[in-house]
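Below you'll find the structure, written out as structure tokens, and then a few comments.
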Amino acid sequence: MIAAALVVALVVALGACTAAPTGPGGGSATSATVSGTASGTASRAVPGVQVRALGDGEDPGAVDVPELQVVTEDSWARPTLHAKWPLVPGAKRLNQALDATVRGRIASFRKDAGAELGDAVPDLTTTWSVTADHDGVVGIRLTSTEFGGASTSDDSRTTYGTRDGSTVWRGADLVRGDGHERLVTDVLASARAAGVVRAPEGGTAEPGDTPSAEALLADVSFTREGGLRLVVASGELAASDAGRLMVTIDRARSDELLTEAGRRVRDAAVASRPDTGPAAAPTTSAPAGPPASPEVPAPSEPPTPTPSTEPTTVPAPPATTPATTRSPKAGARVDCAVARCIALTFDDGPGRHTPAILDALAARGARATFFTMGPAVQAQPGVVRRMRDLGMDVGNHTWTHKQLNRIPAEQARGELTRTSAAIREVTGADPVAARPPYGAFSASTPHAGLPFVLWDVDTEDWKNRDAAATTRRALAGAHRGAIVLMHDIHPSTARAVPGIVDQLKARGYSLVTVSELLGDLDAGRSYYSAQRSRG
Ligand code: NI
């Protein structure tokens with residue numbers, strides 16, 4: 001598991017000084033063994049402070065609360081929006097805060113949406129889970145996934161309150177103000193030691209390298225043992241392509257950091273639940289989820305329970321996972337209305353590394369889609385026929401990889417039709433779809449009789465040329481119905497494919513072609529995922 005590999009090794013013991021009241025610049029305790037942290041550039045792990053990548057669909061510490069009402073806001077007009085959040089009976093101030101959080105998130109999304117996105121439809125999906133419910137204290141985590149045309153980003157926030165309606169706490173209220181600076185320093189040090197944050201070049205931290213305490217404390221929850229757990233949005237601590245990070249701080253170390261409210265919330269959280277803890281990797285027992293759910297990337301863990309008060313919001317998942325999600329056989333098409341499907345796609349080939357990718361897919365009973373280029377099809381017809389024979393979809397990625405919205409319509413049509421003819425000559429069949437180079441097209445771009453299939457998860461493999469980074473991005477973006485963009489011309493991508501397939505399968509995904517994922521494709525439409533298309 002990628003996540004496990006990132007768990008920090010505890011290297012060196014520093015004096016505990018989090019509880020010492022400090023002013024700016026006064027962060028050192030009396031212990032002479034403390035070193036290297038004042039500048040914020042230390043790269044040794046702080047004992048008891050661990051940082052790792054948050055797993056796909058991981059919702060740490062979620063508990064069941066049956067009686068909550070759920071507010072739903074849906075908009076299918078561009079930009080699309082799907083938000084759900086709960087109301088806790090009686091918890092007036094908590095409910096107000098939840099409402100303000102979601103509405104604020106929607107407002108900022110609407111303000112930013114639409115710019116620089118071309119024809120992609122921006123989308124915001126907000127879901128919720130419960131992080132504590134005991135002794136009159138309730139905690140709610142709101143998780144938002146924002147789709148920005150070719151990639152997604154996630155952020156989450158927890159809010160706690162009392163059921164009597166009198167009190168609400170944000171994450172920052174649970175940690176002593178005089179501990180914020182130290183918290184930032186310690187987390188940064190352990191994150192660097194874990195390799196998830198690069199040390200600044202030349203050893204000097206730029207002001208922008210240091211996250212704010214508010215950013216670190218947006219999503220605060222607690223481990224089963226009462227340790228402090230922070231989920232940090234992508235981009236706040238590490239580069240955004242590292243996804244979200246999870247920080248855990250042992251109970252012994254975090255106890256002195258907590259305010260009185262923090263201790264009360266911790267005790268409630270510890271008493272509330274069967275913990276799903278950080279080691280609870282998603283497994284193949286994940287439910288297949290509701291069929292054709294338009295808005296929810298199905299979480300890898302069992303989803304938040306359907307509130308009985310609003311049975312229409314979340315259809316109950318099937319009781320059993322169909323066998324097709326485990327071992328799809330080549331040739332046996334998967335029913336993605338039932339199975340948890342995801343489509344890997346490879347552009348710009350076939351190339352030298354395509355046979356190895358086909359081997360890796362075939363050995364794992366996985367299928368994928370290859371958006372091929374006309375000259376490469378002519379150069380390697382045997383590889384393209386093998387794609388067909390293995391049940392892969394063969395798609396059209398034009399003849400010369402020009403940006404179709406920057407060339408005359410007739411030329412764009414020729415890019416597509418010439419490539420379709422080459423594919424037909426080799427495979428005996430038309431391509432299932434086309435993918436415009438760079439994902440670039442306009443409303444007037446000719447489709448040449450082909451649906452356009454874009455993507456909603458961008459591994460950026462062409463840029464990172466790094467198997468680990470490609471894998472990380474593929475897994476971080478994975479959700480039911482996703483279309484994942486890769487390129488079969490890079491050796492790093494070929495190295496990444498076996499692990500990506502294995503890990504997606506371990507999370508209950510069926511790896512399918514785009515025609516299996518999307519069903520009957522409309523030649524005039526453009527598809528970004530099973531959930532998003534336009535035409
Ligand atoms: Ni391309």
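Ordering of the structure tokens sets the chain letters (A, B, ...), residue numbers begin anew at 1 in every chain, and ligands are numbered from 1 in the order given.
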Exercise for review: Step by step, measure atom-to-atom distances between ligand 1 and each residue using only C-alpha atoms and all ligand atoms, keep those at most 9 Å, then write them as a list in words.
Suggested key: Phe346, Asp347, Asp348, Gly349, Phe371, Thr372, Met373, His397, Thr398, His401, Arg435, Pro436, Pro437, Tyr438, Gly439 and His487 of chain A
**Study point:** Selection: 10 Å around A:Gly161, only C-alpha atoms, excl. self and same-chain fewer than 6 positions, as number ranges by chain
**Key:** A: 88, 91-95, 97, 132-133, 136-140, 167-170, 261, 265
Point to revise | Selected residue of minimal separation from A:Thr427 among A:Ala343, A:Ala83, A:Ala45, A:Val377, counting only C-alpha atoms | key: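 For A:Thr427, the nearest of the given residues is A:Val377.
For A:Asp466, the residues within 9 Å (counting only C-alpha atoms, excluding itself and residues fewer than 2 positions away along the chain) are A:Asp461, A:Trp462, A:Lys463, A:Asn464, A:Ala468, A:Ala469, A:Thr470, A:Thr471, A:Pro491, A:Ser492, A:Thr493, A:Arg495, A:Ala496.
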For N, CA, C and O atoms, I'd like the residues from the last selection saved as a PDB file, in the first residue's frame.
ATOM      1  N   ASP A 461       0.813  11.668 -15.803  1.00  0.00           N
ATOM      2  CA  ASP A 461       1.962  10.788 -16.016  1.00  0.00           C
ATOM      3  C   ASP A 461       2.924  11.345 -17.061  1.00  0.00           C
ATOM      4  O   ASP A 461       4.125  11.114 -16.997  1.00  0.00           O
ATOM      5  N   TRP A 462       2.391  12.112 -18.009  1.00  0.00           N
ATOM      6  CA  TRP A 462       3.251  12.708 -19.039  1.00  0.00           C
ATOM      7  C   TRP A 462       4.178  13.735 -18.428  1.00  0.00           C
ATOM      8  O   TRP A 462       5.245  14.014 -18.948  1.00  0.00           O
ATOM      9  N   LYS A 463       3.753  14.307 -17.291  1.00  0.00           N
ATOM     10  CA  LYS A 463       4.539  15.359 -16.659  1.00  0.00           C
ATOM     11  C   LYS A 463       5.453  14.799 -15.573  1.00  0.00           C
ATOM     12  O   LYS A 463       6.629  15.131 -15.506  1.00  0.00           O
ATOM     13  N   ASN A 464       4.886  13.917 -14.731  1.00  0.00           N
ATOM     14  CA  ASN A 464       5.715  13.454 -13.603  1.00  0.00           C
ATOM     15  C   ASN A 464       6.697  12.355 -14.024  1.00  0.00           C
ATOM     16  O   ASN A 464       7.747  12.208 -13.394  1.00  0.00           O
ATOM     17  N   ALA A 468       5.511   6.101  -9.104  1.00  0.00           N
ATOM     18  CA  ALA A 468       4.872   6.287  -7.796  1.00  0.00           C
ATOM     19  C   ALA A 468       3.900   7.458  -7.824  1.00  0.00           C
ATOM     20  O   ALA A 468       2.789   7.377  -7.292  1.00  0.00           O
ATOM     21  N   ALA A 469       4.314   8.544  -8.450  1.00  0.00           N
ATOM     22  CA  ALA A 469       3.425   9.714  -8.513  1.00  0.00           C
ATOM     23  C   ALA A 469       2.198   9.417  -9.365  1.00  0.00           C
ATOM     24  O   ALA A 469       1.080   9.819  -9.020  1.00  0.00           O
ATOM     25  N   THR A 470       2.416   8.702 -10.456  1.00  0.00           N
ATOM     26  CA  THR A 470       1.289   8.328 -11.318  1.00  0.00           C
ATOM     27  C   THR A 470       0.306   7.449 -10.542  1.00  0.00           C
ATOM     28  O   THR A 470      -0.909   7.644 -10.590  1.00  0.00           O
ATOM     29  N   THR A 471       0.855   6.494  -9.807  1.00  0.00           N
ATOM     30  CA  THR A 471       0.010   5.598  -9.017  1.00  0.00           C
ATOM     31  C   THR A 471      -0.764   6.374  -7.965  1.00  0.00           C
ATOM     32  O   THR A 471      -1.973   6.188  -7.779  1.00  0.00           O
ATOM     33  N   PRO A 491       7.588   4.771 -20.121  1.00  0.00           N
ATOM     34  CA  PRO A 491       7.954   3.586 -19.338  1.00  0.00           C
ATOM     35  C   PRO A 491       7.483   3.678 -17.885  1.00  0.00           C
ATOM     36  O   PRO A 491       7.119   2.666 -17.284  1.00  0.00           O
ATOM     37  N   SER A 492       7.470   4.894 -17.343  1.00  0.00           N
ATOM     38  CA  SER A 492       7.021   5.033 -15.952  1.00  0.00           C
ATOM     39  C   SER A 492       5.553   4.623 -15.817  1.00  0.00           C
ATOM     40  O   SER A 492       5.143   4.036 -14.813  1.00  0.00           O
ATOM     41  N   THR A 493       4.764   4.911 -16.842  1.00  0.00           N
ATOM     42  CA  THR A 493       3.355   4.522 -16.812  1.00  0.00           C
ATOM     43  C   THR A 493       3.234   3.002 -16.890  1.00  0.00           C
ATOM     44  O   THR A 493       2.447   2.393 -16.151  1.00  0.00           O
ATOM     45  N   ARG A 495       5.328   0.883 -15.832  1.00  0.00           N
ATOM     46  CA  ARG A 495       5.703   0.343 -14.521  1.00  0.00           C
ATOM     47  C   ARG A 495       4.591   0.532 -13.499  1.00  0.00           C
ATOM     48  O   ARG A 495       4.449  -0.258 -12.574  1.00  0.00           O
ATOM     49  N   ALA A 496       3.820   1.588 -13.653  1.00  0.00           N
ATOM     50  CA  ALA A 496       2.787   1.883 -12.658  1.00  0.00           C
ATOM     51  C   ALA A 496       1.548   0.999 -12.816  1.00  0.00           C
ATOM     52  O   ALA A 496       0.840   0.740 -11.841  1.00  0.00           O
TER      53      ALA A 496
END
Practice item. Pick out the residues sitting within 9 Å of A:Ala474, and hand them over as a ChimeraX atom specification; count only C-alpha atoms, and ignore anything fewer than 3 positions along from it in its own chain. Key: /A:457-459,469-471,477-478,484-486,500
Practice item. For stretch 226-232 of chain A, work out the shell of residues within 7 Å, counting only C-alpha atoms and skipping chain neighbours fewer than 2 positions away, then give it as number ranges by chain. Key: A: 216-217, 219-224, 234, 236, 244-251, 254, 266, 270
Written file, previous selection with N, CA and C atoms, as a PDB file, in the first residue's frame:
ATOM      1  N   LEU A 216      -4.339  23.428   9.023  1.00  0.00           N
ATOM      2  CA  LEU A 216      -4.090  22.113   9.619  1.00  0.00           C
ATOM      3  C   LEU A 216      -5.254  21.654  10.484  1.00  0.00           C
ATOM      4  N   LEU A 217      -5.981  22.590  11.028  1.00  0.00           N
ATOM      5  CA  LEU A 217      -7.016  22.238  12.005  1.00  0.00           C
ATOM      6  C   LEU A 217      -8.423  22.297  11.416  1.00  0.00           C
ATOM      7  N   ASP A 219      -9.902  19.905   9.693  1.00  0.00           N
ATOM      8  CA  ASP A 219     -10.551  18.608   9.901  1.00  0.00           C
ATOM      9  C   ASP A 219      -9.851  17.911  11.062  1.00  0.00           C
ATOM     10  N   VAL A 220     -10.446  18.034  12.238  1.00  0.00           N
ATOM     11  CA  VAL A 220      -9.884  17.451  13.455  1.00  0.00           C
ATOM     12  C   VAL A 220     -10.786  16.306  13.896  1.00  0.00           C
ATOM     13  N   SER A 221     -10.186  15.146  14.140  1.00  0.00           N
ATOM     14  CA  SER A 221     -10.941  14.055  14.750  1.00  0.00           C
ATOM     15  C   SER A 221      -9.969  13.295  15.654  1.00  0.00           C
ATOM     16  N   PHE A 222     -10.401  12.159  16.158  1.00  0.00           N
ATOM     17  CA  PHE A 222      -9.584  11.460  17.145  1.00  0.00           C
ATOM     18  C   PHE A 222      -9.503   9.980  16.819  1.00  0.00           C
ATOM     19  N   THR A 223      -8.368   9.390  17.143  1.00  0.00           N
ATOM     20  CA  THR A 223      -8.201   7.954  16.937  1.00  0.00           C
ATOM     21  C   THR A 223      -8.908   7.196  18.049  1.00  0.00           C
ATOM     22  N   ARG A 224      -9.002   5.895  17.886  1.00  0.00           N
ATOM     23  CA  ARG A 224      -9.640   5.058  18.895  1.00  0.00           C
ATOM     24  C   ARG A 224      -8.947   5.219  20.249  1.00  0.00           C
ATOM     25  N   SER A 234      -5.421  18.691   0.153  1.00  0.00           N
ATOM     26  CA  SER A 234      -4.320  18.633  -0.798  1.00  0.00           C
ATOM     27  C   SER A 234      -3.828  20.046  -1.093  1.00  0.00           C
ATOM     28  N   GLU A 236      -2.165  21.976   0.960  1.00  0.00           N
ATOM     29  CA  GLU A 236      -1.888  22.787   2.139  1.00  0.00           C
ATOM     30  C   GLU A 236      -0.508  22.487   2.718  1.00  0.00           C
ATOM     31  N   ARG A 244      -4.803  14.292  -0.214  1.00  0.00           N
ATOM     32  CA  ARG A 244      -4.935  14.704   1.178  1.00  0.00           C
ATOM     33  C   ARG A 244      -3.981  13.906   2.053  1.00  0.00           C
ATOM     34  N   LEU A 245      -3.572  14.514   3.145  1.00  0.00           N
ATOM     35  CA  LEU A 245      -2.686  13.841   4.085  1.00  0.00           C
ATOM     36  C   LEU A 245      -3.417  13.618   5.396  1.00  0.00           C
ATOM     37  N   MET A 246      -3.014  12.586   6.090  1.00  0.00           N
ATOM     38  CA  MET A 246      -3.543  12.357   7.423  1.00  0.00           C
ATOM     39  C   MET A 246      -2.415  12.439   8.441  1.00  0.00           C
ATOM     40  N   VAL A 247      -2.614  13.258   9.445  1.00  0.00           N
ATOM     41  CA  VAL A 247      -1.648  13.440  10.514  1.00  0.00           C
ATOM     42  C   VAL A 247      -2.245  12.821  11.765  1.00  0.00           C
ATOM     43  N   THR A 248      -1.479  11.981  12.454  1.00  0.00           N
ATOM     44  CA  THR A 248      -1.936  11.517  13.762  1.00  0.00           C
ATOM     45  C   THR A 248      -0.898  11.891  14.800  1.00  0.00           C
ATOM     46  N   ILE A 249      -1.375  12.347  15.922  1.00  0.00           N
ATOM     47  CA  ILE A 249      -0.510  12.744  17.018  1.00  0.00           C
ATOM     48  C   ILE A 249      -0.933  11.927  18.236  1.00  0.00           C
ATOM     49  N   ASP A 250      -0.001  11.148  18.746  1.00  0.00           N
ATOM     50  CA  ASP A 250      -0.313  10.232  19.841  1.00  0.00           C
ATOM     51  C   ASP A 250      -1.029  10.949  20.979  1.00  0.00           C
ATOM     52  N   ARG A 251      -1.823  10.190  21.701  1.00  0.00           N
ATOM     53  CA  ARG A 251      -2.573  10.779  22.795  1.00  0.00           C
ATOM     54  C   ARG A 251      -1.649  11.438  23.816  1.00  0.00           C
ATOM     55  N   SER A 254      -0.551  14.674  22.300  1.00  0.00           N
ATOM     56  CA  SER A 254      -1.587  15.647  21.957  1.00  0.00           C
ATOM     57  C   SER A 254      -2.408  16.096  23.152  1.00  0.00           C
ATOM     58  N   ARG A 266     -12.750  14.845  22.470  1.00  0.00           N
ATOM     59  CA  ARG A 266     -11.972  13.608  22.351  1.00  0.00           C
ATOM     60  C   ARG A 266     -12.642  12.463  23.111  1.00  0.00           C
ATOM     61  N   VAL A 270     -13.946   9.054  21.382  1.00  0.00           N
ATOM     62  CA  VAL A 270     -13.412   7.732  21.735  1.00  0.00           C
ATOM     63  C   VAL A 270     -14.543   6.818  22.187  1.00  0.00           C
TER      64      VAL A 270
END
Exercise for review: Name all residues at most 10 Å from stretch 407-423 of chain A (count only C-alpha atoms; drop same-chain ones fewer than 5 positions away) and give them as a VMD selection string.
Suggested key: chain A and resid 372 to 378 381 384 to 385 394 to 402 428 to 436 441 444 to 450
